[in-house]
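Text of upload38.cif (mmCIF, C-alpha atoms and all ligand atoms) as supplied:
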data_my_file
loop_
_atom_site.label_atom_id
_atom_site.label_comp_id
_atom_site.auth_asym_id
_atom_site.auth_seq_id
_atom_site.Cartn_x
_atom_site.Cartn_y
_atom_site.Cartn_z
CA MET A 89 82.81 103.94 124.19
CA ASN A 90 80.93 104.96 121.09
CA TYR A 91 81.19 102.23 118.46
CA LYS A 92 81.02 103.07 114.80
CA ASN A 93 78.17 101.58 112.81
CA PHE A 94 79.55 100.75 109.37
CA PRO A 95 77.69 100.06 106.15
CA MET A 96 78.78 97.09 104.04
CA VAL A 97 78.48 95.99 100.44
CA PRO A 98 74.97 94.48 100.45
CA ARG A 99 75.34 92.24 97.39
CA ILE A 100 78.23 90.25 96.08
CA ILE A 101 78.55 87.59 93.42
CA PHE A 102 81.70 85.43 93.34
CA GLY A 103 82.90 82.96 90.75
CA ARG A 104 84.84 82.46 87.55
CA GLY A 105 82.61 83.67 84.72
CA SER A 106 80.17 85.46 87.06
CA PHE A 107 80.80 88.61 85.00
CA ASN A 108 78.47 87.06 82.39
CA GLN A 109 75.55 87.62 84.76
CA LEU A 110 76.07 91.37 84.93
CA GLY A 111 73.20 92.08 82.51
CA ASP A 112 70.76 90.12 84.69
CA ILE A 113 72.00 91.87 87.81
CA LEU A 114 71.57 95.35 86.34
CA ALA A 115 68.27 94.90 84.48
CA PRO A 116 65.98 95.37 87.51
CA LYS A 117 67.95 98.46 88.53
CA ARG A 118 67.17 100.39 85.34
CA LEU A 119 65.07 103.41 86.34
CA SER A 120 63.82 104.29 82.86
CA ILE A 121 64.90 104.04 79.24
CA ASN A 122 66.31 107.55 79.53
CA ALA A 123 68.38 106.69 82.60
CA PRO A 124 71.38 104.80 81.26
CA PHE A 125 74.02 102.68 82.89
CA ILE A 126 77.43 104.30 82.56
CA TYR A 127 80.45 102.00 82.55
CA LEU A 128 83.79 103.44 83.61
CA VAL A 129 86.26 100.97 82.13
CA ASP A 130 90.07 100.97 82.34
CA ASP A 131 91.32 101.82 78.87
CA VAL A 132 93.66 98.82 79.00
CA PHE A 133 90.50 96.92 77.94
CA LYS A 134 89.76 99.13 74.94
CA SER A 135 91.17 96.62 72.50
CA ASN A 136 90.42 93.62 74.67
CA ALA A 137 87.17 91.96 73.61
CA PHE A 138 87.43 89.54 76.56
CA ILE A 139 85.71 92.10 78.75
CA THR A 140 84.04 94.64 76.47
CA SER A 141 82.27 92.11 74.23
CA ARG A 142 80.40 90.90 77.29
CA ILE A 143 79.01 94.30 78.26
CA ALA A 144 75.49 94.46 76.82
CA LEU A 145 74.63 98.11 76.12
CA SER A 146 70.93 99.01 75.78
CA TYR A 147 69.14 102.32 75.20
CA ASP A 148 71.57 105.14 76.05
CA ASP A 149 74.06 103.05 78.02
CA LYS A 150 77.66 104.17 77.51
CA ILE A 151 81.16 102.94 78.08
CA ILE A 152 83.63 105.65 79.06
CA TYR A 153 87.23 104.46 78.83
CA VAL A 154 89.51 106.01 81.41
CA SER A 155 93.27 105.80 81.69
CA SER A 156 94.67 104.53 84.99
CA GLU A 157 98.08 105.99 84.18
CA GLU A 158 97.52 108.44 87.02
CA GLU A 159 95.57 107.90 90.22
CA PRO A 160 92.16 109.58 90.52
CA LYS A 161 92.02 113.33 91.01
CA THR A 162 89.14 115.41 92.32
CA SER A 163 89.19 117.49 89.11
CA GLN A 164 88.96 114.30 87.03
CA VAL A 165 85.88 113.25 89.01
CA ASP A 166 84.30 116.68 88.43
CA ASN A 167 85.01 116.44 84.69
CA LEU A 168 83.52 112.96 84.43
CA VAL A 169 80.40 114.06 86.28
CA GLU A 170 80.06 117.02 83.91
CA GLU A 171 80.50 114.75 80.88
CA ILE A 172 77.88 112.32 82.17
CA ILE A 173 75.37 115.07 82.92
CA LEU A 174 75.80 116.44 79.40
CA MET A 175 75.45 113.06 77.69
CA THR A 176 72.38 111.80 79.59
CA LYS A 177 68.72 112.83 79.44
CA GLU A 178 68.07 111.78 83.01
CA ARG A 179 70.20 110.97 86.02
CA PRO A 180 71.86 107.60 85.23
CA SER A 181 70.49 104.35 86.62
CA GLY A 182 73.93 103.31 87.74
CA ILE A 183 77.69 103.67 87.49
CA ILE A 184 79.73 100.53 86.93
CA GLY A 185 83.48 100.66 87.55
CA ILE A 186 85.58 97.97 85.83
CA GLY A 187 89.31 97.86 86.54
CA GLY A 188 91.71 98.21 89.45
CA GLY A 189 91.53 100.47 92.49
CA THR A 190 91.74 103.48 90.19
CA MET A 191 88.51 102.65 88.33
CA LEU A 192 86.74 101.45 91.46
CA ASP A 193 87.51 104.69 93.27
CA LEU A 194 86.47 106.80 90.28
CA ALA A 195 83.16 104.94 90.03
CA LYS A 196 82.42 105.47 93.72
CA ALA A 197 83.32 109.16 93.57
CA VAL A 198 81.34 109.83 90.38
CA ALA A 199 78.27 108.07 91.84
CA ILE A 200 78.49 110.34 94.90
CA MET A 201 79.09 113.55 92.97
CA LEU A 202 76.12 112.97 90.65
CA THR A 203 73.79 113.54 93.61
CA ASN A 204 75.79 116.02 95.68
CA GLU A 205 76.41 119.67 94.92
CA GLY A 206 79.75 121.35 94.52
CA GLU A 207 83.12 119.82 93.77
CA ALA A 208 84.65 116.51 94.76
CA LYS A 209 87.34 118.27 96.80
CA ASP A 210 84.64 119.60 99.14
CA TYR A 211 83.93 116.04 100.28
CA GLN A 212 87.46 114.80 101.00
CA GLY A 213 87.35 113.83 104.63
CA TRP A 214 85.00 111.96 106.93
CA ASP A 215 81.21 111.93 106.66
CA LEU A 216 80.78 115.08 104.62
CA VAL A 217 78.50 113.55 101.96
CA LYS A 218 74.85 114.59 102.40
CA ASN A 219 72.85 112.71 99.78
CA PRO A 220 72.93 109.00 98.93
CA ALA A 221 74.96 108.20 95.80
CA ILE A 222 73.37 106.69 92.74
CA TYR A 223 73.49 102.90 92.41
CA HIS A 224 77.09 101.83 91.85
CA VAL A 225 78.75 98.55 91.03
CA GLY A 226 82.40 97.58 91.40
CA ILE A 227 84.09 94.94 89.27
CA PRO A 228 87.79 94.48 90.08
CA THR A 229 90.11 93.22 87.35
CA ILE A 230 93.22 93.14 89.57
CA SER A 231 93.34 92.09 93.22
CA GLY A 232 94.80 93.71 96.30
CA THR A 233 93.55 97.20 97.12
CA GLY A 234 90.35 96.23 98.90
CA ALA A 235 88.73 99.23 97.20
CA GLU A 236 85.90 96.85 96.22
CA VAL A 237 84.84 96.60 99.85
CA SER A 238 86.00 99.82 101.47
CA ARG A 239 84.10 102.86 102.72
CA THR A 240 86.44 105.29 101.01
CA THR A 241 87.47 106.55 97.61
CA VAL A 242 90.99 107.92 97.63
CA LEU A 243 91.39 111.14 95.63
CA THR A 244 94.21 113.59 95.06
CA GLY A 245 92.87 117.13 95.35
CA PRO A 246 94.44 120.57 95.02
CA ASP A 247 95.78 120.54 98.58
CA LYS A 248 95.55 116.98 99.87
CA LYS A 249 95.36 113.32 99.05
CA LEU A 250 92.44 112.09 101.08
CA GLY A 251 89.45 109.83 100.65
CA ILE A 252 85.76 110.59 100.56
CA ASN A 253 84.89 108.45 103.57
CA SER A 254 81.14 108.12 103.96
CA ASP A 255 78.28 105.72 104.45
CA TYR A 256 77.32 106.32 100.81
CA THR A 257 80.71 105.37 99.42
CA PRO A 258 80.58 101.52 99.48
CA PHE A 259 79.34 99.76 96.37
CA ASP A 260 75.74 98.55 96.16
CA GLN A 261 76.94 95.50 94.28
CA VAL A 262 80.32 93.88 93.72
CA VAL A 263 81.12 91.28 91.08
CA LEU A 264 84.13 89.14 92.02
CA ASP A 265 85.14 87.21 88.92
CA PRO A 266 88.78 86.11 89.38
CA GLU A 267 89.03 85.21 85.69
CA LEU A 268 89.02 88.93 84.88
CA THR A 269 92.51 89.21 86.41
CA LYS A 270 94.12 86.81 83.95
CA ASN A 271 96.09 89.37 81.90
CA VAL A 272 97.55 91.42 84.72
CA PRO A 273 101.31 91.98 84.11
CA LYS A 274 103.48 90.19 86.67
CA ASP A 275 105.07 93.24 88.31
CA GLN A 276 101.70 94.94 88.69
CA TRP A 277 100.22 91.71 90.10
CA PHE A 278 102.94 91.83 92.75
CA TYR A 279 102.60 95.54 93.61
CA THR A 280 98.81 95.52 93.93
CA GLY A 281 98.89 92.14 95.71
CA MET A 282 101.39 93.56 98.19
CA ASP A 283 98.95 96.38 98.93
CA CYS A 284 96.77 93.65 100.43
CA TYR A 285 99.69 92.04 102.26
CA ILE A 286 100.69 95.42 103.72
CA HIS A 287 97.08 96.12 104.78
CA CYS A 288 97.25 92.87 106.78
CA ILE A 289 100.59 93.62 108.43
CA GLU A 290 99.63 97.18 109.30
CA SER A 291 96.24 96.17 110.65
CA LEU A 292 97.51 93.17 112.62
CA ASN A 293 100.37 95.16 114.17
CA GLY A 294 98.36 98.26 114.91
CA THR A 295 97.23 99.61 118.27
CA TYR A 296 93.64 99.73 116.97
CA LEU A 297 93.54 95.95 116.58
CA ASN A 298 90.42 94.15 117.76
CA ALA A 299 88.89 90.73 117.14
CA PHE A 300 86.92 91.97 114.13
CA SER A 301 89.98 93.28 112.30
CA GLN A 302 92.20 90.47 113.47
CA SER A 303 89.98 87.70 112.15
CA TYR A 304 89.79 89.21 108.66
CA GLY A 305 93.45 90.22 108.73
CA GLU A 306 94.64 86.75 109.65
CA MET A 307 92.55 85.17 106.94
CA ALA A 308 93.89 87.57 104.33
CA LEU A 309 97.47 87.10 105.52
CA GLU A 310 97.22 83.30 105.23
CA LEU A 311 95.87 83.66 101.68
CA CYS A 312 98.68 86.07 100.76
CA LYS A 313 101.26 83.60 102.06
CA GLU A 314 99.75 80.80 99.99
CA VAL A 315 99.66 82.96 96.87
CA PHE A 316 103.07 84.61 97.15
CA LEU A 317 105.15 82.00 98.96
CA GLY A 318 103.34 78.69 98.43
CA GLU A 319 104.33 76.08 95.86
CA LYS A 320 101.10 74.23 95.34
CA LEU A 321 98.54 76.55 93.80
CA SER A 322 97.43 76.46 90.17
CA ILE A 323 97.14 79.79 88.39
CA LYS A 324 93.37 79.70 88.78
CA GLU A 325 93.50 78.89 92.48
CA SER A 326 95.99 81.68 92.96
CA GLN A 327 93.71 84.19 91.18
CA ASP A 328 90.70 83.06 93.22
CA LYS A 329 92.55 83.26 96.53
CA LEU A 330 94.15 86.64 95.89
CA MET A 331 90.74 88.10 95.07
CA MET A 332 89.40 86.85 98.40
CA ALA A 333 92.55 88.04 100.22
CA SER A 334 91.92 91.53 98.87
CA TRP A 335 88.34 91.41 100.16
CA HIS A 336 89.33 90.23 103.63
CA GLY A 337 92.25 92.66 103.80
CA GLY A 338 89.83 95.48 103.02
CA MET A 339 87.41 94.19 105.68
CA SER A 340 90.23 94.09 108.20
CA ILE A 341 90.89 97.83 107.93
CA VAL A 342 87.21 98.78 108.12
CA TYR A 343 87.48 98.52 111.90
CA SER A 344 91.14 99.51 112.25
CA GLN A 345 93.58 101.49 110.14
CA VAL A 346 96.64 101.16 107.97
CA GLY A 347 100.03 102.29 109.24
CA VAL A 348 103.52 103.58 108.51
CA ALA A 349 103.85 102.33 104.92
CA HIS A 350 100.58 103.90 103.84
CA ALA A 351 101.28 107.17 105.64
CA MET A 352 104.65 107.44 103.89
CA SER A 353 103.50 106.28 100.48
CA TYR A 354 100.75 108.92 100.47
CA GLY A 355 103.55 111.49 100.73
CA LEU A 356 105.42 109.95 97.78
CA SER A 357 102.24 109.84 95.77
CA TYR A 358 101.36 113.46 96.46
CA LEU A 359 104.76 114.85 95.55
CA LEU A 360 106.04 112.42 92.91
CA GLY A 361 102.88 110.78 91.63
CA THR A 362 104.22 107.37 92.70
CA LYS A 363 101.35 104.89 92.40
CA HIS A 364 99.89 103.26 95.47
CA GLY A 365 101.00 99.65 94.97
CA ILE A 366 104.60 100.28 93.98
CA GLY A 367 104.89 103.20 96.42
CA ASN A 368 103.87 100.97 99.30
CA CYS A 369 106.45 98.39 98.24
CA ILE A 370 109.24 100.98 97.97
CA VAL A 371 108.44 102.23 101.47
CA PHE A 372 107.72 98.91 103.13
CA ASP A 373 111.09 97.52 102.02
CA HIS A 374 112.71 99.97 104.50
CA LEU A 375 110.40 99.53 107.48
CA GLU A 376 112.02 96.61 109.32
CA GLU A 377 112.27 98.81 112.40
CA PHE A 378 108.46 98.94 112.65
CA TYR A 379 107.41 95.63 111.14
CA PRO A 380 110.38 93.23 111.47
CA GLU A 381 108.59 89.98 110.62
CA GLY A 382 106.34 91.50 107.99
CA VAL A 383 109.26 93.08 106.17
CA ALA A 384 111.34 89.88 106.29
CA LEU A 385 108.50 87.96 104.66
CA PHE A 386 108.03 90.76 102.12
CA LYS A 387 111.67 90.48 101.12
CA ALA A 388 111.27 86.73 100.68
CA MET A 389 108.26 87.30 98.41
CA LYS A 390 110.14 89.92 96.41
CA GLU A 391 113.02 87.52 95.97
CA LYS A 392 110.83 84.61 94.96
CA HIS A 393 109.12 86.62 92.23
CA ASP A 394 112.28 88.38 91.15
CA ILE A 395 110.91 91.90 91.64
CA GLN A 396 113.35 94.81 91.32
CA LEU A 397 112.08 97.91 93.09
CA PRO A 398 113.20 101.38 91.95
CA LYS A 399 115.92 102.89 94.13
CA GLY A 400 116.92 106.44 95.01
CA ILE A 401 113.59 108.06 94.13
CA CYS A 402 114.07 110.63 96.92
CA ALA A 403 117.83 111.07 96.42
CA ASN A 404 117.62 114.33 94.49
CA LEU A 405 114.75 116.02 96.26
CA SER A 406 115.21 119.49 97.69
CA ASP A 407 114.58 120.23 101.36
CA GLN A 408 111.36 122.03 100.44
CA GLU A 409 110.13 119.01 98.50
CA LEU A 410 110.96 116.68 101.36
CA ASP A 411 109.10 119.01 103.72
CA VAL A 412 105.96 118.85 101.56
CA MET A 413 106.10 115.06 101.63
CA ILE A 414 106.69 115.02 105.36
CA SER A 415 103.79 117.35 106.10
CA ILE A 416 101.39 115.34 103.89
CA SER A 417 102.48 112.16 105.60
CA LEU A 418 102.33 113.48 109.17
CA SER A 419 98.87 114.92 108.58
CA LEU A 420 97.51 111.36 108.46
CA GLU A 421 97.20 111.19 112.22
CA PRO A 422 94.98 108.10 112.57
CA LEU A 423 97.49 106.03 110.56
CA TRP A 424 100.38 107.07 112.80
CA GLU A 425 98.37 106.62 115.94
CA ASN A 426 97.37 103.13 114.84
CA ALA A 427 100.98 102.27 114.01
CA LEU A 428 102.81 103.82 116.95
CA GLY A 429 100.25 104.56 119.63
CA LYS A 430 98.96 107.73 121.24
CA ASN A 431 102.43 109.22 121.69
CA TRP A 432 103.41 108.70 118.06
CA LYS A 433 104.61 112.28 117.66
CA LYS A 434 107.48 111.55 120.03
CA VAL A 435 108.60 108.61 117.88
CA MET A 436 107.96 109.89 114.38
CA THR A 437 109.43 113.38 114.31
CA PRO A 438 109.85 115.28 111.01
CA LYS A 439 113.59 114.65 111.30
CA LYS A 440 113.14 110.91 111.67
CA LEU A 441 110.72 110.82 108.75
CA LYS A 442 113.18 112.72 106.59
CA GLU A 443 115.88 110.16 107.35
CA LEU A 444 113.53 107.37 106.34
CA TYR A 445 112.49 109.06 103.08
CA LYS A 446 116.11 109.70 102.20
CA LYS A 447 116.80 105.96 102.23
CA MET A 448 114.24 105.45 99.46
P1 LIG B 501 95.29 100.45 89.05
O1 LIG B 501 93.83 100.46 89.10
O2 LIG B 501 95.98 101.75 88.85
O3 LIG B 501 95.78 99.43 87.94
C1 LIG B 501 97.16 99.12 87.81
C2 LIG B 501 97.52 98.74 86.40
O4 LIG B 501 97.00 97.45 86.10
C3 LIG B 501 96.95 99.69 85.36
O5 LIG B 501 97.94 99.91 84.38
C4 LIG B 501 95.78 98.91 84.78
O6 LIG B 501 95.54 99.30 83.45
C5 LIG B 501 96.29 97.49 84.88
N1 LIG B 501 95.26 96.44 84.91
C6 LIG B 501 94.21 96.33 85.75
N2 LIG B 501 93.53 95.19 85.51
C7 LIG B 501 94.16 94.58 84.48
C8 LIG B 501 93.93 93.37 83.76
N3 LIG B 501 92.97 92.52 84.11
N4 LIG B 501 94.77 93.07 82.75
C9 LIG B 501 95.80 93.90 82.43
N5 LIG B 501 96.08 95.04 83.08
C10 LIG B 501 95.26 95.37 84.09
O7 LIG B 501 95.98 99.81 90.35
P2 LIG B 501 95.49 99.26 91.73
O8 LIG B 501 96.75 98.93 92.43
O9 LIG B 501 94.44 98.23 91.61
O10 LIG B 501 94.80 100.52 92.40
C11 LIG B 501 95.51 101.61 92.90
C12 LIG B 501 94.53 102.69 93.28
O11 LIG B 501 93.65 102.19 94.28
C13 LIG B 501 95.16 103.93 93.86
O12 LIG B 501 94.57 105.07 93.27
C14 LIG B 501 94.84 103.86 95.34
O13 LIG B 501 94.73 105.13 95.94
C15 LIG B 501 93.53 103.15 95.31
N6 LIG B 501 93.21 102.46 96.55
C16 LIG B 501 91.97 102.62 97.06
C17 LIG B 501 91.59 101.98 98.22
C18 LIG B 501 90.22 102.18 98.76
O14 LIG B 501 89.90 101.64 99.80
N7 LIG B 501 89.37 102.94 98.11
C19 LIG B 501 92.47 101.13 98.88
C20 LIG B 501 93.73 100.96 98.35
C21 LIG B 501 94.09 101.61 97.17
ZN ZN B 502 96.57 100.29 100.38
#

Target encoding structure tokens, full file:
Amino acid sequence: MNYKNFPMVPRIIFGRGSFNQLGDILAPKRLSINAPFIYLVDDVFKSNAFITSRIALSYDDKIIYVSSEEEPKTSQVDNLVEEIILMTKERPSGIIGIGGGTMLDLAKAVAIMLTNEGEAKDYQGWDLVKNPAIYHVGIPTISGTGAEVSRTTVLTGPDKKLGINSDYTPFDQVVLDPELTKNVPKDQWFYTGMDCYIHCIESLNGTYLNAFSQSYGEMALELCKEVFLGEKLSIKESQDKLMMASWHGGMSIVYSQVGVAHAMSYGLSYLLGTKHGIGNCIVFDHLEEFYPEGVALFKAMKEKHDIQLPKGICANLSDQELDVMISISLSLEPLWENALGKNWKKVMTPKKLKELYKKM
């Protein structure tokens, strides 16, 4: 057995208001006055002084506002890298991503592509990155994806949706300040939070499960239950706990994999642009066959928070469109193998997958 040797986020600060210490954290990392810090900030914060007023810009430091309307694309990463190269005198001292999974993934990918030749699409896959990324910091403002801790940055490219999985992908520093999540709209809070819940269920019910993944997965699952089904938590406690659930959920899949819901929602995302959180929810709602207990609890959470999921999103798709979705989904072999075991191809045939998609 050859065990994988994974890198981890080496520095993390946790606490309400810890965002105020960002300046102190970054100062020693400045390489020169010509090497700025570049902040990639979700444009939802453009008019929100709560976050931006606390970013102290010096020398040539810049904030680039980015829309998270669509999930990150390889071409968007290439354009951002180009823009940064043109606006800076020297290679930046660091890239700081502030926002949800979309901004965190963009920050990781941009930090990698500033030191590696070619285009982002060339690096979609496993261990293709040659040079270390520049210093990069992740600051989540919504909890659930685990992108703050993971070894991947999920990108949609010209012919696939696949992460840049590499030892250089994880952040050098993460700032976990649960207060930053205070304005997240309720539906989005649920969708992104459920990404974490689904990570737990898929990891804990997968054939790749081991004590490492199980311990993190169980911790994250307990936190999710408290947050989404409990009665006792204050708003602040709930924000704090969901941020830690996201972290542990992400840790759980480091040493295992996600499963059926993720494999299917990648297909939806590729064809229809359905976003990760809501896409996972739409799919997971129909997966009782694979995750009976997990789906029952999911339905209880949905009920409790009065969430209405879109219906019939695949109803009017042509056979060709369904086939594209099916081939994207089935190409994610490790996810299926984790979910259904070595003989997964016997269980999840294209025909079976089509039937499932048609329910959605
Ligand atoms: P997101 O980043 O797209 O944000 C969702 C919405 O919430 C956006 O409209 C955003 O503007 C808004 N928002 C974020 N913080 C807010 C705040 N504090 N106040 C008000 N609004 C706020 O969504 P997400 O679910 O966090 O991330 C999804 C992305 O993460 C997908 O692209 C997915 O592929 C990726 N992902 C990556 C990993 C990984 O390991 N790298 C894991 C899971 C998901
Ligand atoms: Zn996910």

All residues having an atom within 6 Å of ligand LIG 501 (chain B) (only C-alpha atoms and all ligand atoms) as a PyMOL selection string: chain A and resi 130+132+156+159-160+187-191+193+229-230+233-235+238+240-242+268-272+276+280+364-365

Test item: residues no farther than 12 Å from ligand ZN 502 (chain B), counting only C-alpha atoms and all ligand atoms, as a PyMOL selection string: chain A and resi 189-190+231-236+238+240-242+251+279-291+334+337-338+340-341+345-354+363-369+372+423

Can you tell me which residues surround Met448 in chain A at a distance of at most 6 Å, considering all atoms listed in the file, apart from same-chain residues fewer than 4 positions away, and format the answer as a ChimeraX atom specification? /A:400-402

CA of Gly185 in chain A and CA of Gln302 in chain A, how far apart in Å?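 Here the two named atoms are 29.2 Å from each other.
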
Find the residues with any atom within 10 Å of (77.1, 95.5, 100.2); use all atoms listed in the file and the coordinates as given in the file, and write the answer as a PyMOL selection string. chain A and resi 95-100+225+236-238+258-262

So that I can see what lies close to Lys442 in chain A, please list as a count of residues only the residues with an atom at most 10 Å from it, counting only C-alpha atoms and leaving out residues fewer than 2 positions away in the same chain. 15

Could you check the closest approach to Gly206 in chain A for each of A:Ser415, A:Asn293, A:Ser163, A:Asn136 and tell me which residue wins, using all atoms listed in the file?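 Counting all atoms listed in the file, the residue closest to Gly206 in chain A is A:Ser163.
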
Just give me the gap between CA of Glu267 in chain A and CA of Arg104 in chain A in Å, one decimal is fine.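 It comes out at 5.3 Å.
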
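Taking all atoms listed in the file into account, Ile200 in chain A lies nearest to A:Tyr223 out of the set A:Phe378, A:Phe386, A:Phe138, A:Tyr223.
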
What does the distance from CA of Phe133 in chain A to CA of Pro228 in chain A come to in Å, to one decimal? 12.7 Å

Counting all atoms listed in the file, the option among A:Leu216, A:Ala199, A:Met339, A:Ala144 closest to Ser303 in chain A: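 Of the candidates, the smallest distance to Ser303 in chain A is held by A:Met339.
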
Fewer than 2 positions away in the same chain doesn't count, so skip those; otherwise give me all residues within 12 Å of Gly182 in chain A, counting only C-alpha atoms, as a PyMOL selection string. chain A and resi 113-120+122-128+149-150+172+176+178-180+184-185+195-196+198-200+202-203+221-226+259-261

Contact table range 303-400 of chain A vs range 243-249 of chain A, cut-off 10 Å, shortest pair per residue, all atoms listed in the file, as a Markdown table:
| residue | atom | partner | partner_atom | distance |
| --- | --- | --- | --- | --- |
| A:Tyr354 | CA | A:Lys249 | CA | 7.1 |
| A:Gly355 | CA | A:Lys249 | CA | 8.6 |
| A:Ser357 | CA | A:Lys249 | CA | 8.4 |
| A:Tyr358 | CA | A:Lys249 | CA | 6.5 |
| A:Gly361 | CA | A:Thr244 | CA | 9.7 |

Around all the atoms of range 251-260 of chain A listed in the file, draw an axis-aligned box and extend it by 6 Å on each of the six sides; I want its centre and edge lengths in Å to one decimal, as AutoDock Vina command-line options.
--center_x 82.6 --center_y 104.6 --center_z 100.3 --size_x 25.7 --size_y 24.0 --size_z 20.3
